[in-house]
>>> print(open('target22.cif').read())   # mmCIF, C-alpha atoms
data_entry
#
loop_
_atom_site.label_atom_id
_atom_site.label_comp_id
_atom_site.auth_asym_id
_atom_site.auth_seq_id
_atom_site.Cartn_x
_atom_site.Cartn_y
_atom_site.Cartn_z
CA MET A 22 -7.26 1.97 14.73
CA ARG A 23 -10.33 2.13 12.53
CA TYR A 24 -11.07 -1.12 10.65
CA THR A 25 -12.62 -1.46 7.20
CA THR A 26 -13.83 -4.57 5.41
CA LEU A 27 -12.53 -4.86 1.85
CA GLY A 28 -15.19 -4.88 -0.86
CA ASN A 29 -17.50 -7.87 -0.63
CA SER A 30 -14.94 -9.97 1.24
CA THR A 31 -14.68 -10.66 4.96
CA VAL A 32 -11.08 -9.39 5.12
CA ARG A 33 -10.57 -6.43 7.45
CA VAL A 34 -7.75 -3.89 7.43
CA THR A 35 -6.70 -1.09 9.74
CA GLY A 36 -6.80 2.49 8.50
CA LEU A 37 -3.00 2.61 8.53
CA SER A 38 -1.02 -0.33 7.20
CA PHE A 39 2.59 -1.49 7.10
CA GLY A 40 4.38 -1.64 3.75
CA ALA A 41 7.24 -4.11 4.06
CA ALA A 42 9.38 -3.09 1.07
CA GLY A 43 11.63 -1.13 3.43
CA ILE A 44 12.53 -4.14 5.55
CA GLY A 45 13.42 -5.89 2.30
CA ASN A 46 16.41 -3.49 2.06
CA LEU A 47 14.81 -0.98 -0.28
CA TYR A 48 17.71 1.25 -1.45
CA THR A 49 19.85 0.65 1.65
CA PRO A 50 20.38 -2.25 4.06
CA VAL A 51 18.24 -2.71 7.16
CA GLY A 52 19.52 -4.96 9.94
CA GLU A 53 17.59 -7.99 11.18
CA GLU A 54 16.95 -6.44 14.59
CA GLU A 55 15.90 -3.13 13.08
CA ALA A 56 13.46 -4.87 10.73
CA ARG A 57 11.94 -6.86 13.58
CA ALA A 58 11.65 -3.72 15.71
CA ALA A 59 9.76 -1.97 12.90
CA VAL A 60 7.15 -4.74 12.75
CA ASP A 61 6.91 -4.83 16.56
CA ALA A 62 6.36 -1.06 16.65
CA ALA A 63 3.61 -1.37 14.04
CA TRP A 64 1.89 -3.99 16.17
CA ASP A 65 2.21 -1.83 19.29
CA ALA A 66 0.69 1.10 17.35
CA GLY A 67 -2.39 -0.98 16.53
CA ILE A 68 -1.52 -1.67 12.89
CA ARG A 69 -2.86 -5.06 11.85
CA TYR A 70 -2.46 -5.04 8.07
CA PHE A 71 0.96 -5.90 6.60
CA ASP A 72 1.82 -5.94 2.89
CA THR A 73 4.78 -7.67 1.24
CA ALA A 74 5.85 -9.22 -2.09
CA PRO A 75 8.49 -11.58 -3.54
CA HIS A 76 9.86 -8.59 -5.47
CA TYR A 77 10.88 -6.83 -2.25
CA GLY A 78 14.49 -7.80 -1.66
CA LEU A 79 14.21 -11.08 -3.60
CA GLY A 80 12.07 -12.58 -0.86
CA LEU A 81 13.86 -10.94 2.09
CA SER A 82 10.80 -8.86 2.99
CA GLU A 83 8.57 -11.94 3.07
CA ARG A 84 11.03 -13.86 5.23
CA ARG A 85 11.45 -11.04 7.73
CA LEU A 86 7.77 -10.19 7.94
CA GLY A 87 6.80 -13.83 8.40
CA ALA A 88 9.36 -14.30 11.18
CA ALA A 89 8.08 -11.22 12.99
CA LEU A 90 4.41 -12.26 12.77
CA ARG A 91 4.68 -16.03 13.08
CA ASP A 92 4.13 -16.22 16.84
CA ARG A 93 1.26 -13.72 16.93
CA PRO A 94 -2.41 -14.82 16.93
CA ARG A 95 -3.11 -15.51 13.25
CA ASP A 96 -6.70 -14.29 13.32
CA GLU A 97 -5.62 -10.89 14.67
CA PHE A 98 -3.73 -9.67 11.60
CA THR A 99 -4.09 -9.41 7.83
CA VAL A 100 -1.25 -10.14 5.39
CA SER A 101 -1.08 -9.54 1.66
CA THR A 102 1.50 -10.65 -0.85
CA LYS A 103 1.70 -10.41 -4.63
CA VAL A 104 2.04 -12.58 -7.71
CA GLY A 105 3.45 -11.97 -11.18
CA ARG A 106 7.18 -12.26 -10.52
CA LEU A 107 8.73 -15.66 -9.82
CA LEU A 108 12.19 -15.85 -8.25
CA GLU A 109 14.63 -18.08 -10.14
CA PRO A 110 18.24 -18.83 -9.09
CA ALA A 111 20.64 -16.52 -10.90
CA PRO A 112 22.42 -18.28 -13.79
CA GLY A 113 25.51 -20.17 -12.69
CA THR A 114 24.95 -19.75 -8.94
CA GLY A 115 22.26 -22.25 -8.03
CA GLY A 116 21.07 -19.49 -5.75
CA ALA A 117 23.90 -20.24 -3.35
CA LEU A 118 26.40 -17.44 -4.09
CA PRO A 119 25.89 -13.68 -4.42
CA VAL A 120 26.37 -12.20 -7.86
CA GLY A 121 26.73 -8.44 -7.66
CA ASP A 122 23.75 -6.80 -6.00
CA ASP A 123 20.10 -6.10 -6.76
CA LEU A 124 20.31 -2.31 -6.56
CA GLY A 125 19.35 -2.09 -10.21
CA ASN A 126 15.90 -3.10 -8.99
CA GLY A 127 16.15 -0.86 -5.94
CA PHE A 128 17.09 -3.42 -3.28
CA ALA A 129 20.39 -3.70 -1.44
CA VAL A 130 20.59 -7.50 -1.42
CA PRO A 131 22.85 -10.03 -3.16
CA ALA A 132 21.52 -10.89 -6.60
CA THR A 133 21.25 -14.61 -5.92
CA HIS A 134 17.99 -14.77 -7.89
CA ARG A 135 16.40 -13.11 -10.87
CA ARG A 136 12.79 -12.10 -11.31
CA VAL A 137 10.81 -13.81 -14.06
CA TRP A 138 7.46 -12.34 -15.12
CA ASP A 139 4.78 -15.02 -14.95
CA PHE A 140 1.03 -14.33 -14.89
CA SER A 141 0.03 -17.86 -15.86
CA ALA A 142 -2.29 -19.90 -13.64
CA ASP A 143 0.57 -22.26 -12.75
CA GLY A 144 2.80 -19.28 -12.03
CA VAL A 145 0.23 -17.85 -9.63
CA ARG A 146 -0.05 -21.09 -7.65
CA ARG A 147 3.70 -21.58 -7.58
CA SER A 148 4.27 -17.99 -6.45
CA ILE A 149 1.82 -18.32 -3.58
CA GLU A 150 3.28 -21.67 -2.50
CA GLU A 151 6.80 -20.22 -2.45
CA SER A 152 5.65 -17.12 -0.57
CA LEU A 153 4.00 -19.32 2.06
CA LEU A 154 7.30 -21.17 2.51
CA ARG A 155 9.26 -17.92 2.83
CA THR A 156 6.87 -16.39 5.38
CA GLY A 157 6.10 -19.59 7.27
CA LEU A 158 2.47 -18.47 7.47
CA ASP A 159 -0.49 -20.78 6.89
CA ARG A 160 -2.33 -18.48 4.46
CA PHE A 161 -2.52 -15.06 2.86
CA ASP A 162 -5.58 -12.91 3.39
CA ILE A 163 -5.08 -10.83 0.22
CA VAL A 164 -3.15 -11.57 -2.98
CA TYR A 165 -2.51 -8.81 -5.53
CA LEU A 166 -1.51 -9.06 -9.17
CA HIS A 167 1.74 -7.08 -9.00
CA ASP A 168 2.50 -4.47 -11.67
CA PRO A 169 0.78 -6.21 -14.61
CA ASP A 170 1.11 -3.03 -16.71
CA ASP A 171 2.83 -4.77 -19.64
CA HIS A 172 1.05 -8.09 -19.08
CA ALA A 173 -2.56 -6.97 -18.92
CA GLU A 174 -4.11 -9.72 -21.02
CA ALA A 175 -2.28 -12.56 -19.26
CA ALA A 176 -3.16 -11.02 -15.90
CA LEU A 177 -6.83 -10.69 -16.81
CA THR A 178 -7.33 -14.01 -18.63
CA GLU A 179 -4.96 -16.33 -16.74
CA ALA A 180 -3.76 -14.97 -13.41
CA TYR A 181 -7.01 -13.37 -12.27
CA PRO A 182 -9.15 -16.50 -12.88
CA ALA A 183 -6.57 -18.54 -10.94
CA LEU A 184 -6.88 -16.18 -7.99
CA GLU A 185 -10.66 -16.26 -8.28
CA ARG A 186 -10.59 -20.06 -8.01
CA LEU A 187 -8.35 -19.87 -4.95
CA ARG A 188 -10.72 -17.36 -3.37
CA GLY A 189 -13.64 -19.66 -4.11
CA GLU A 190 -11.75 -22.53 -2.46
CA GLY A 191 -11.16 -20.40 0.62
CA VAL A 192 -7.38 -20.46 0.16
CA ILE A 193 -7.25 -16.65 0.06
CA GLY A 194 -9.77 -14.15 1.35
CA ALA A 195 -9.57 -11.28 -1.13
CA ILE A 196 -7.95 -10.58 -4.49
CA GLY A 197 -6.84 -7.45 -6.27
CA ALA A 198 -4.24 -5.71 -8.38
CA GLY A 199 -1.53 -3.26 -7.42
CA MET A 200 0.01 -0.65 -9.72
CA ASN A 201 1.30 2.92 -10.03
CA GLN A 202 -1.38 3.87 -12.57
CA ASN A 203 -5.14 4.42 -12.70
CA GLU A 204 -6.26 3.17 -16.11
CA LEU A 205 -5.60 -0.56 -15.78
CA LEU A 206 -6.72 -0.61 -12.15
CA THR A 207 -10.02 0.90 -13.28
CA ARG A 208 -10.30 -1.80 -15.93
CA PHE A 209 -9.79 -4.49 -13.25
CA LEU A 210 -12.66 -2.99 -11.28
CA ARG A 211 -14.92 -2.99 -14.34
CA ASP A 212 -13.97 -6.34 -15.85
CA THR A 213 -13.38 -8.54 -12.80
CA ASP A 214 -14.82 -9.28 -9.39
CA ALA A 215 -11.69 -8.06 -7.59
CA ASP A 216 -12.29 -6.98 -4.00
CA VAL A 217 -9.61 -4.30 -3.85
CA VAL A 218 -7.01 -2.40 -5.84
CA LEU A 219 -3.75 -1.01 -4.54
CA CYS A 220 -3.04 2.38 -6.10
CA ALA A 221 0.42 3.83 -5.48
CA GLY A 222 1.25 7.49 -5.97
CA ARG A 223 -1.90 8.46 -7.87
CA PHE A 224 -4.02 9.71 -4.98
CA THR A 225 -1.82 12.24 -3.26
CA LEU A 226 -1.81 15.96 -2.54
CA LEU A 227 0.33 16.44 -5.66
CA ASP A 228 -1.38 13.88 -7.90
CA PRO A 229 -5.08 13.29 -7.16
CA SER A 230 -5.69 11.73 -10.61
CA ALA A 231 -7.31 8.62 -9.08
CA LEU A 232 -10.30 10.86 -8.36
CA LEU A 233 -11.15 11.09 -12.06
CA GLU A 234 -12.20 7.47 -12.70
CA LEU A 235 -10.64 4.94 -10.34
CA LEU A 236 -12.16 6.07 -7.05
CA PRO A 237 -15.65 6.79 -8.46
CA GLU A 238 -15.62 3.35 -10.09
CA ALA A 239 -14.61 1.69 -6.83
CA ALA A 240 -17.27 3.57 -4.87
CA ALA A 241 -19.99 2.76 -7.41
CA ARG A 242 -19.15 -0.96 -7.33
CA GLY A 243 -18.65 -1.27 -3.59
CA ARG A 244 -14.95 -2.14 -3.95
CA SER A 245 -12.09 -0.92 -1.81
CA VAL A 246 -8.92 0.99 -2.59
CA VAL A 247 -5.64 0.71 -0.72
CA VAL A 248 -3.56 3.85 -1.26
CA GLY A 249 0.23 3.73 -1.24
CA GLY A 250 2.95 6.20 -2.11
CA VAL A 251 1.25 9.12 -0.35
CA PHE A 252 4.56 11.03 -0.16
CA ASN A 253 5.25 10.52 -3.89
CA SER A 254 8.55 8.84 -2.89
CA GLY A 255 9.80 11.77 -0.83
CA LEU A 256 8.73 15.24 -1.93
CA LEU A 257 5.67 15.38 0.35
CA ALA A 258 7.66 14.01 3.29
CA ASP A 259 10.49 16.51 2.98
CA PRO A 260 9.72 19.29 0.48
CA ARG A 261 12.95 20.88 -0.73
CA PRO A 262 15.02 21.27 -3.88
CA GLY A 263 16.69 17.95 -4.64
CA ALA A 264 13.84 15.85 -3.20
CA THR A 265 12.51 12.92 -5.20
CA TYR A 266 9.12 12.65 -6.86
CA ASP A 267 8.07 9.22 -8.10
CA TYR A 268 11.65 7.98 -7.65
CA THR A 269 13.33 10.67 -9.77
CA ALA A 270 14.44 14.24 -9.10
CA ALA A 271 11.38 16.41 -8.53
CA PRO A 272 10.76 19.09 -11.20
CA PRO A 273 11.13 22.68 -9.89
CA GLY A 274 7.43 23.41 -10.42
CA LEU A 275 6.38 20.51 -8.20
CA VAL A 276 8.96 21.45 -5.58
CA ASP A 277 7.50 24.96 -5.48
CA ARG A 278 3.97 23.60 -5.14
CA ALA A 279 4.98 21.27 -2.30
CA LEU A 280 6.75 24.13 -0.51
CA ARG A 281 3.62 26.28 -0.80
CA MET A 282 1.54 23.43 0.64
CA ASP A 283 4.06 23.08 3.45
CA ALA A 284 3.73 26.80 4.26
CA VAL A 285 -0.06 26.47 4.52
CA THR A 286 0.01 23.38 6.75
CA ARG A 287 2.63 24.95 9.03
CA ARG A 288 0.32 27.92 9.65
CA TYR A 289 -2.07 25.42 11.22
CA GLY A 290 0.65 23.67 13.19
CA VAL A 291 0.30 20.57 11.03
CA PRO A 292 3.28 18.83 9.37
CA LEU A 293 2.83 18.38 5.62
CA ARG A 294 3.46 14.66 6.19
CA ALA A 295 0.32 14.49 8.35
CA ALA A 296 -1.81 16.18 5.68
CA ALA A 297 -0.39 13.83 3.04
CA LEU A 298 -1.31 10.79 5.14
CA ARG A 299 -4.79 12.09 5.95
CA TYR A 300 -5.77 13.34 2.49
CA PRO A 301 -6.59 9.98 0.82
CA ARG A 302 -8.47 8.70 3.87
CA ARG A 303 -11.11 11.34 3.22
CA HIS A 304 -12.51 9.37 0.26
CA PRO A 305 -15.12 6.75 1.22
CA ALA A 306 -13.68 4.10 -1.12
CA VAL A 307 -10.25 4.21 0.56
CA ALA A 308 -9.90 1.44 3.11
CA THR A 309 -6.35 2.07 4.28
CA VAL A 310 -3.21 4.06 3.65
CA LEU A 311 -0.12 1.92 3.15
CA THR A 312 3.12 3.46 4.42
CA GLY A 313 6.57 2.06 3.68
CA THR A 314 8.55 2.10 6.92
CA ARG A 315 11.92 0.58 7.77
CA SER A 316 12.45 1.39 11.46
CA ALA A 317 10.50 1.59 14.69
CA ALA A 318 10.94 5.37 14.74
CA GLU A 319 9.43 5.74 11.27
CA VAL A 320 6.47 3.54 12.26
CA ARG A 321 5.78 5.53 15.40
CA ASP A 322 6.03 8.80 13.46
CA ALA A 323 3.58 7.58 10.81
CA ALA A 324 1.12 6.32 13.42
CA ALA A 325 1.20 9.61 15.32
CA LEU A 326 0.76 11.68 12.16
CA ALA A 327 -2.06 9.50 10.84
CA ASP A 328 -3.95 10.13 14.06
CA ARG A 329 -3.89 13.90 13.60
CA THR A 330 -7.19 15.58 12.86
CA ILE A 331 -6.66 18.17 10.13
CA PRO A 332 -8.75 21.35 10.47
CA ASP A 333 -11.26 21.72 7.64
CA ASP A 334 -10.02 25.31 7.32
CA LEU A 335 -6.62 23.94 6.26
CA TRP A 336 -8.16 22.08 3.32
CA ALA A 337 -10.17 25.21 2.48
CA GLU A 338 -7.02 27.35 2.42
CA LEU A 339 -5.23 24.86 0.17
CA ARG A 340 -8.19 25.17 -2.20
CA ALA A 341 -8.17 28.97 -1.99
CA GLU A 342 -4.45 29.00 -2.81
CA GLY A 343 -5.13 26.89 -5.91
CA LEU A 344 -3.20 23.96 -4.46
CA LEU A 345 -6.22 21.62 -4.37
CA SER A 346 -8.98 21.68 -6.96
CA GLU A 347 -12.60 22.37 -6.09
CA GLU A 348 -13.59 19.31 -8.15
CA SER A 349 -11.39 16.94 -6.18
CA GLU A 350 -12.46 18.32 -2.83
CA ALA A 351 -16.15 17.99 -3.69
CA SER A 352 -15.96 14.18 -3.47
CA LEU A 353 -14.04 14.05 -0.18
CA GLU A 354 -15.39 13.92 3.33
CA SER A 355 -14.89 16.58 5.98
CA GLU A 356 -12.76 15.88 9.02
CA ALA A 357 -15.88 15.95 11.20
CA SER A 358 -17.52 13.15 9.19
CA LEU A 359 -14.27 11.16 9.31
CA GLU A 360 -14.18 11.41 13.09
CA SER A 361 -17.85 10.44 13.30
CA ALA A 362 -17.26 7.38 11.12
CA ALA A 363 -14.26 6.37 13.21
CA SER A 364 -16.29 6.65 16.41
CA LEU A 365 -19.11 4.55 14.93
CA GLU A 366 -16.60 1.93 13.76
CA SER A 367 -15.09 1.75 17.24
CA VAL A 368 -18.52 1.25 18.82
CA GLU A 369 -19.43 -1.47 16.30
CA SER A 370 -16.10 -3.22 16.81
CA GLY A 371 -16.58 -3.17 20.57
CA GLU A 372 -20.09 -4.59 20.29
CA ALA A 373 -18.86 -7.31 17.94
CA ALA A 374 -16.10 -8.23 20.38
CA ARG A 375 -18.63 -8.54 23.22
#
>>> encode(input="target22.cif", output="structure tokens")
Amino acid sequence: MRYTTLGNSTVRVTGLSFGAAGIGNLYTPVGEEEARAAVDAAWDAGIRYFDTAPHYGLGLSERRLGAALRDRPRDEFTVSTKVGRLLEPAPGTGGALPVGDDLGNGFAVPATHRRVWDFSADGVRRSIEESLLRTGLDRFDIVYLHDPDDHAEAALTEAYPALERLRGEGVIGAIGAGMNQNELLTRFLRDTDADVVLCAGRFTLLDPSALLELLPEAAARGRSVVVGGVFNSGLLADPRPGATYDYTAAPPGLVDRALRMDAVTRRYGVPLRAAALRYPRRHPAVATVLTGTRSAAEVRDAAALADRTIPDDLWAELRAEGLLSEESEASLESEASLESAASLESVESGEAAR
């Protein structure tokens, strides 16, 4: 796995990373053994960056990820969590009894707690302390402000300074913000000293809008971007009528475009999933692609696909078919330069280890 250091920090991440929302019972339940096997498979595949959040299964993701990593050498992996939502016992339960389920928020877990938005400095510290207890880990390498879309001012004026103080104290290694939009993430890059931003769903084969401002801003300032949602919640993983795009039914026009992309990639013997995983890694500001996986089989599939070299002619044909814009492609690296960079990184890592 190729490693990249985030922004001006000392935190390193692998080119492919493990998104732990799935093992927090996203949409459907995942068994304890299955969740543990997914993390073990990620480790065996060389993945060393794992991302979680209190939001994911009302803390279930953090508990499962921490249990799976707790006995591994702490300096050999990177973990991120998020702040902005505190977990409070559901009214009348004391947190002890299930009340319905949490599927309204996307997670198949008992609704023993409710999420409370809190981007105050005290809320940030409390959130991190509670996440440390749930994971059983001694520290977090990265902490993101989680979905501050409707809380921008509090996130910028209260939560961010609190994270900056914790970074200065050495409590956390890197700080950032994670959202499904470009505009506010770009503002964080301009107005703060964040090391990294996590951009979900906005730098994909179907939506490369992060190329307009976010990625150029990150590159100009020497910051890093973690890209999530590369399948746009399903359409680019399995293009067909009825597939989902950004968590709702995909419009017919997008389905048609994805099917045309799939036809092109198949002519080169490349699954569309592999092209979707590789596409964002071609931008120099992108440090890692975050994939949400919930089983060992899904992890192994993602790792194998992410390793595929995509012929430059494939990207050229997608452009010729009008499926990728000339403007977007102009700022991306060729597959040859990607392979060269990966080889150089491997040599440097080996020399550092010696």
>>> closest_residue(input="target22.cif", among="A:Ala296, A:Leu219, A:Leu226, A:Ala306", to="Ile331 of chain A", atoms="only C-alpha atoms")
A:Ala296
>>> resolve_selection(input="target22.cif", expression="the PyMOL selection byres ((chain A and resi 231) around 12)", output="MDAnalysis selection string")
chainID A and resid 200:207 218:230 232:240 246:249 301 304 306:307 349 352
>>> resolve_selection(input="target22.cif", expression="the PyMOL selection byres ((chain A and resi 39) around 10)", output="list in words")
Thr35, Leu37, Ser38, Gly40, Ala41, Ala42, Gly43, Ala59, Val60, Ala63, Trp64, Ile68, Arg69, Tyr70, Phe71, Asp72, Thr73, Val100, Val310, Leu311, Thr312, Gly313, Thr314, Arg315, Val320 and Ala323 of chain A
>>> atom_distance(input="target22.cif", atom1="atom CA of Arg136 of chain A", atom2="atom CA of Glu109 of chain A")
6.4 Å
>>> atom_distance(input="target22.cif", atom1="atom CA of Pro305 of chain A", atom2="atom CA of Ser355 of chain A")
10.9 Å
>>> closest_residue(input="target22.cif", among="A:Asp96, A:Asp277, A:Glu348, A:Glu354", to="Asp162 of chain A", atoms="all atoms listed in the file")
A:Asp96
>>> resolve_selection(input="target22.cif", expression="the PyMOL selection byres ((chain A and resi 254) around 8)", output="VMD selection string")
chain A and resid 250 to 253 255 to 257 265 to 268
>>> closest_residue(input="target22.cif", among="A:Glu342, A:Asp143, A:Asp214, A:Glu53", to="Arg281 of chain A", atoms="all atoms listed in the file")
A:Glu342
>>> residues_near_point(input="target22.cif", point="(-3.2, -6.5, -8.6)", cutoff="6 Å", atoms="only C-alpha atoms", output="PyMOL selection string")
chain A and resi 165-167+197-199
>>> atom_distance(input="target22.cif", atom1="atom CA of Ala74 of chain A", atom2="atom CA of Gly36 of chain A")
20.2 Å
>>> residues_near_point(input="target22.cif", point="(13.6, -3.7, 13.6)", cutoff="10 Å", atoms="all atoms listed in the file", output="JSON, numbers by chain")
{"A": [44, 51, 52, 53, 54, 55, 56, 57, 58, 59, 60, 61, 62, 85, 89, 315, 316, 317, 318]}
>>> closest_residue(input="target22.cif", among="A:Glu350, A:Glu83, A:Asp322, A:Asp283", to="Arg155 of chain A", atoms="all atoms listed in the file")
A:Glu83
>>> closest_residue(input="target22.cif", among="A:Thr102, A:Thr286, A:Asn29, A:Thr133", to="Gly87 of chain A", atoms="only C-alpha atoms")
A:Thr102
>>> residues_around(input="target22.cif", residues="Val276 of chain A", least_positions_apart="3", cutoff="7 Å", atoms="all atoms listed in the file", output="list in words")
Pro260, Arg261, Pro262, Ala271, Pro272, Pro273, Ala279 and Leu280 of chain A
>>> decode(input="target22.cif", residues="segment 206-233 of chain A", atoms="N, CA and C atoms", output="PDB file, in the first residue's frame")
ATOM      1  N   LEU A 206     -16.335  22.877   2.731  1.00  0.00           N
ATOM      2  CA  LEU A 206     -15.006  22.274   2.864  1.00  0.00           C
ATOM      3  C   LEU A 206     -13.936  23.213   2.303  1.00  0.00           C
ATOM      4  N   THR A 207     -14.232  23.857   1.193  1.00  0.00           N
ATOM      5  CA  THR A 207     -13.284  24.821   0.619  1.00  0.00           C
ATOM      6  C   THR A 207     -13.072  25.984   1.574  1.00  0.00           C
ATOM      7  N   ARG A 208     -14.138  26.430   2.224  1.00  0.00           N
ATOM      8  CA  ARG A 208     -14.006  27.511   3.205  1.00  0.00           C
ATOM      9  C   ARG A 208     -13.114  27.083   4.373  1.00  0.00           C
ATOM     10  N   PHE A 209     -13.247  25.833   4.836  1.00  0.00           N
ATOM     11  CA  PHE A 209     -12.375  25.353   5.909  1.00  0.00           C
ATOM     12  C   PHE A 209     -10.915  25.402   5.477  1.00  0.00           C
ATOM     13  N   LEU A 210     -10.644  25.045   4.237  1.00  0.00           N
ATOM     14  CA  LEU A 210      -9.263  25.103   3.757  1.00  0.00           C
ATOM     15  C   LEU A 210      -8.738  26.537   3.731  1.00  0.00           C
ATOM     16  N   ARG A 211      -9.597  27.475   3.369  1.00  0.00           N
ATOM     17  CA  ARG A 211      -9.171  28.871   3.248  1.00  0.00           C
ATOM     18  C   ARG A 211      -9.058  29.576   4.600  1.00  0.00           C
ATOM     19  N   ASP A 212      -9.988  29.249   5.515  1.00  0.00           N
ATOM     20  CA  ASP A 212     -10.110  30.024   6.744  1.00  0.00           C
ATOM     21  C   ASP A 212      -9.493  29.371   7.967  1.00  0.00           C
ATOM     22  N   THR A 213      -9.009  28.139   7.842  1.00  0.00           N
ATOM     23  CA  THR A 213      -8.421  27.453   8.994  1.00  0.00           C
ATOM     24  C   THR A 213      -7.095  26.820   8.598  1.00  0.00           C
ATOM     25  N   ASP A 214      -6.455  26.236   9.578  1.00  0.00           N
ATOM     26  CA  ASP A 214      -5.208  25.515   9.341  1.00  0.00           C
ATOM     27  C   ASP A 214      -5.462  24.009   9.402  1.00  0.00           C
ATOM     28  N   ALA A 215      -6.633  23.579   8.916  1.00  0.00           N
ATOM     29  CA  ALA A 215      -6.958  22.154   8.879  1.00  0.00           C
ATOM     30  C   ALA A 215      -5.946  21.409   8.010  1.00  0.00           C
ATOM     31  N   ASP A 216      -5.635  20.188   8.411  1.00  0.00           N
ATOM     32  CA  ASP A 216      -4.677  19.373   7.661  1.00  0.00           C
ATOM     33  C   ASP A 216      -5.324  18.653   6.486  1.00  0.00           C
ATOM     34  N   VAL A 217      -6.633  18.352   6.635  1.00  0.00           N
ATOM     35  CA  VAL A 217      -7.278  17.449   5.690  1.00  0.00           C
ATOM     36  C   VAL A 217      -8.775  17.720   5.667  1.00  0.00           C
ATOM     37  N   VAL A 218      -9.401  17.447   4.544  1.00  0.00           N
ATOM     38  CA  VAL A 218     -10.866  17.439   4.480  1.00  0.00           C
ATOM     39  C   VAL A 218     -11.300  16.106   3.897  1.00  0.00           C
ATOM     40  N   LEU A 219     -12.455  15.632   4.372  1.00  0.00           N
ATOM     41  CA  LEU A 219     -13.035  14.397   3.886  1.00  0.00           C
ATOM     42  C   LEU A 219     -14.242  14.762   3.027  1.00  0.00           C
ATOM     43  N   CYS A 220     -14.125  14.500   1.744  1.00  0.00           N
ATOM     44  CA  CYS A 220     -15.158  14.881   0.779  1.00  0.00           C
ATOM     45  C   CYS A 220     -15.844  13.619   0.267  1.00  0.00           C
ATOM     46  N   ALA A 221     -17.141  13.489   0.556  1.00  0.00           N
ATOM     47  CA  ALA A 221     -17.880  12.287   0.185  1.00  0.00           C
ATOM     48  C   ALA A 221     -18.803  12.550  -1.000  1.00  0.00           C
ATOM     49  N   GLY A 222     -18.645  11.768  -2.042  1.00  0.00           N
ATOM     50  CA  GLY A 222     -19.561  11.782  -3.166  1.00  0.00           C
ATOM     51  C   GLY A 222     -19.400  12.897  -4.176  1.00  0.00           C
ATOM     52  N   ARG A 223     -18.440  13.798  -3.957  1.00  0.00           N
ATOM     53  CA  ARG A 223     -18.295  14.949  -4.845  1.00  0.00           C
ATOM     54  C   ARG A 223     -17.028  14.884  -5.700  1.00  0.00           C
ATOM     55  N   PHE A 224     -16.327  13.765  -5.653  1.00  0.00           N
ATOM     56  CA  PHE A 224     -15.216  13.564  -6.586  1.00  0.00           C
ATOM     57  C   PHE A 224     -15.299  12.133  -7.090  1.00  0.00           C
ATOM     58  N   THR A 225     -16.251  11.928  -7.983  1.00  0.00           N
ATOM     59  CA  THR A 225     -16.527  10.608  -8.530  1.00  0.00           C
ATOM     60  C   THR A 225     -16.626  10.709 -10.050  1.00  0.00           C
ATOM     61  N   LEU A 226     -16.712   9.564 -10.698  1.00  0.00           N
ATOM     62  CA  LEU A 226     -16.879   9.547 -12.153  1.00  0.00           C
ATOM     63  C   LEU A 226     -18.152  10.276 -12.586  1.00  0.00           C
ATOM     64  N   LEU A 227     -19.182  10.248 -11.742  1.00  0.00           N
ATOM     65  CA  LEU A 227     -20.443  10.896 -12.087  1.00  0.00           C
ATOM     66  C   LEU A 227     -20.546  12.313 -11.563  1.00  0.00           C
ATOM     67  N   ASP A 228     -19.783  12.654 -10.549  1.00  0.00           N
ATOM     68  CA  ASP A 228     -19.815  14.003  -9.979  1.00  0.00           C
ATOM     69  C   ASP A 228     -18.396  14.437  -9.618  1.00  0.00           C
ATOM     70  N   PRO A 229     -17.678  15.037 -10.574  1.00  0.00           N
ATOM     71  CA  PRO A 229     -16.309  15.491 -10.297  1.00  0.00           C
ATOM     72  C   PRO A 229     -16.258  16.952  -9.834  1.00  0.00           C
ATOM     73  N   SER A 230     -17.339  17.448  -9.209  1.00  0.00           N
ATOM     74  CA  SER A 230     -17.440  18.876  -8.896  1.00  0.00           C
ATOM     75  C   SER A 230     -16.361  19.367  -7.936  1.00  0.00           C
ATOM     76  N   ALA A 231     -15.741  18.464  -7.163  1.00  0.00           N
ATOM     77  CA  ALA A 231     -14.661  18.890  -6.266  1.00  0.00           C
ATOM     78  C   ALA A 231     -13.477  19.451  -7.037  1.00  0.00           C
ATOM     79  N   LEU A 232     -13.403  19.143  -8.344  1.00  0.00           N
ATOM     80  CA  LEU A 232     -12.298  19.645  -9.163  1.00  0.00           C
ATOM     81  C   LEU A 232     -12.394  21.152  -9.423  1.00  0.00           C
ATOM     82  N   LEU A 233     -13.568  21.735  -9.219  1.00  0.00           N
ATOM     83  CA  LEU A 233     -13.740  23.147  -9.552  1.00  0.00           C
ATOM     84  C   LEU A 233     -12.995  24.054  -8.584  1.00  0.00           C
TER      85      LEU A 233
END
